[in-house]
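Student: I am attaching a structure below and will ask some questions about it afterwards.
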Amino acid sequence: MRIDIITVLPELLRSPFEASILKRAQDKGLVEVHLHNLRDYSTNKHKNVDDYQFGGGAGMVMMIEPIDAVITKLKSERDYDEVIYMTPDGETLNQGMANSMSLLKNIIILCGHYKGVDQRVRDNFITKEISIGDFVLSGGELAAAVVADSIIRLIPGVLSNETSALTDSFQDNLLAPPVYTRPAEYKGWKVPDILLSGHQANIDKWREDMAYEHTKTRRPDLLE
């Protein structure tokens with residue numbers, strides 16, 4: 001998979017992709033992540049990529065020309081399955097969406113800024129709009145990193161134990177059950193006996209029951 005991220009703040013995005021699982025995935029050749037500084041495509045001598053909005057109003061708007069330039073350049077080099085725009089009014093990211101996108105080959109992610117992008121960008125270039133929640137960030141960079149992480153970890157070979165991702169919260173519309181590790185007793189707090197029984201069928205049933213109860217208590221909407 002190849003992920004191209006268009007941003008005005010590439011330095012804000014470098015760190016997440018230079019550590020941990022995301023770096024290992026790139027080192028293994030399982031994914032390529034490329035950051036593109038939108039200012040490099042500005043025709044303005046000051047490298048501006050925003051301007052005042054028509055009709056007045058507070059806040060600047062990202063201009064169409066540099067965005068068109070970088071997307072057109074990327075599309076001339078390869079085909080893309082999705083051109084994604086990070087925006088608070090997009091479709092809310094969920095596990096099912098991440099699962100689907102992990103099967104794609106090439107995607108572009110455009111990070112919004114200021115009051116957003118010229119609507120003509122959304123009308124003519126964007127194929128998918130994503131939000132990570134009902135709140136507003138200073139820009140789309142951190143949201144883009146969240147989306148990329150949610151996708152990359154699902155690519156076969158990225159996690160050392162590939163079945164781990166299949167038992168995450170939301171994979172089966174349930175939250176994950178409680179988990180425990182050594183010691184079996186600490187300050188009088190004991191691990192449930194069932195987990196120490198060695199009876200895998202009973203353990204699996206306990207985990208299913210606990211996942212259901214956990215979901216019923218914390219996220220009953222997932223059971224509707």
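Every chain in the structure tokens has a letter given in the order shown (A, B, ...), and although residue numbers restart at 1 in each chain, ligands are simply numbered from 1 in the order shown.
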Do you know which residues are at most 7 Å from segment 108-117 of chain A counting only C-alpha atoms, after dropping those on the same chain fewer than 5 positions away, and could you put them as number ranges by chain?
Tutor: A: 3-7, 59-63, 82-87, 138-141, 144
Student: Using DSSP on the backbone, list every residue of segment 7-197 of chain A that comes out as alpha helix (DSSP H), and give them as a count of residues only.
Tutor: 56
Student: Have a look at A:His214, A:Arg207, A:Arg153, A:Arg120 and name the one nearest to Leu22 of chain A; count only C-alpha atoms.
Tutor: A:Arg153
Student: Mind running segment 2-44 of chain A against segment 154-161 of chain A at 8 Å and telling me each contacting residue's nearest atom pair with the distance in Å (one decimal), counting only C-alpha atoms, chain and number ascending, as a tab-separated table?
Tutor:
residue	atom	partner	partner_atom	distance
A:Ile21	CA	A:Val158	CA	7.1
A:Arg24	CA	A:Val158	CA	7.4
A:Ala25	CA	A:Val158	CA	5.3
A:Leu30	CA	A:Val158	CA	7.2
Student: Any chance you could export the current selection's all heavy atoms as a tab-separated table (two decimals), in the first residue's frame?
Tutor:
chain	number	residue	atom	x	y	z
A	21	ILE	N	5.20	0.66	15.26
A	21	ILE	CA	4.64	-0.23	14.25
A	21	ILE	C	4.64	0.42	12.87
A	21	ILE	O	4.91	-0.25	11.87
A	21	ILE	CB	3.21	-0.63	14.65
A	21	ILE	CG1	3.25	-1.56	15.87
A	21	ILE	CG2	2.48	-1.32	13.50
A	21	ILE	CD1	1.89	-1.87	16.45
A	24	ARG	N	8.10	0.15	11.37
A	24	ARG	CA	8.42	-1.23	11.02
A	24	ARG	C	7.68	-1.67	9.76
A	24	ARG	O	8.22	-2.40	8.93
A	24	ARG	CB	8.09	-2.17	12.19
A	24	ARG	CG	8.98	-1.97	13.41
A	24	ARG	CD	8.99	-3.21	14.30
A	24	ARG	NE	7.66	-3.57	14.76
A	24	ARG	CZ	7.11	-3.11	15.87
A	24	ARG	NH1	7.78	-2.26	16.64
A	24	ARG	NH2	5.91	-3.49	16.25
A	25	ALA	N	6.45	-1.22	9.61
A	25	ALA	CA	5.68	-1.57	8.42
A	25	ALA	C	6.34	-1.03	7.17
A	25	ALA	O	6.39	-1.70	6.13
A	25	ALA	CB	4.26	-1.02	8.54
A	30	LEU	N	5.94	-3.10	3.53
A	30	LEU	CA	4.52	-3.39	3.47
A	30	LEU	C	3.69	-2.15	3.15
A	30	LEU	O	2.54	-2.26	2.70
A	30	LEU	CB	4.06	-3.99	4.80
A	30	LEU	CG	4.75	-5.30	5.19
A	30	LEU	CD1	4.36	-5.71	6.61
A	30	LEU	CD2	4.36	-6.40	4.21
Student: Could you pull the residues within 12 Å of Asp204 of chain A, counting only C-alpha atoms, minus those fewer than 4 positions along the same chain, as an MDAnalysis selection string?
Tutor: chainID A and resid 167 177 194:195 197:200 208:211
Student: Using C-alpha atoms, can you export the residues from the last selection as a PDB file, in the first residue's frame?
Tutor:
ATOM      1  CA  THR A 167      -9.850  -9.513  18.270  1.00  0.00           C
ATOM      2  CA  PRO A 177     -13.216  -8.126  26.981  1.00  0.00           C
ATOM      3  CA  ILE A 194     -11.440 -19.290  34.321  1.00  0.00           C
ATOM      4  CA  LEU A 195      -8.419 -17.704  32.621  1.00  0.00           C
ATOM      5  CA  SER A 197      -8.108 -23.140  33.972  1.00  0.00           C
ATOM      6  CA  GLY A 198      -6.454 -24.141  30.706  1.00  0.00           C
ATOM      7  CA  HIS A 199      -9.884 -24.983  29.256  1.00  0.00           C
ATOM      8  CA  GLN A 200      -9.798 -22.984  26.022  1.00  0.00           C
ATOM      9  CA  GLU A 208     -17.472 -13.621  24.471  1.00  0.00           C
ATOM     10  CA  ASP A 209     -19.785 -13.097  27.446  1.00  0.00           C
ATOM     11  CA  MET A 210     -17.569 -10.395  28.936  1.00  0.00           C
ATOM     12  CA  ALA A 211     -17.260  -8.613  25.595  1.00  0.00           C
TER      13      ALA A 211
END
Student: Just list the residues in segment 71-214 of chain A DSSP gives strand (DSSP E) on the backbone, as a list in words.
Tutor: Glu82, Val83, Ile84, Tyr85, Met86, Thr87, Pro88, Asp89, Gly90, Glu91, Thr92, Asn106, Ile107, Ile108, Ile109, Leu110, Cys111, Lys128, Glu129, Ile130, Ser131, Glu185, Tyr186, Trp189 and Lys190 of chain A
Student: Here is a test: counting only C-alpha atoms, which residue of A:Gly56, A:Gly29, A:Pro192, A:Pro220 is nearest to Leu174 of chain A?
Tutor: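 With only C-alpha atoms as the atom set, the closest residue is A:Pro220.
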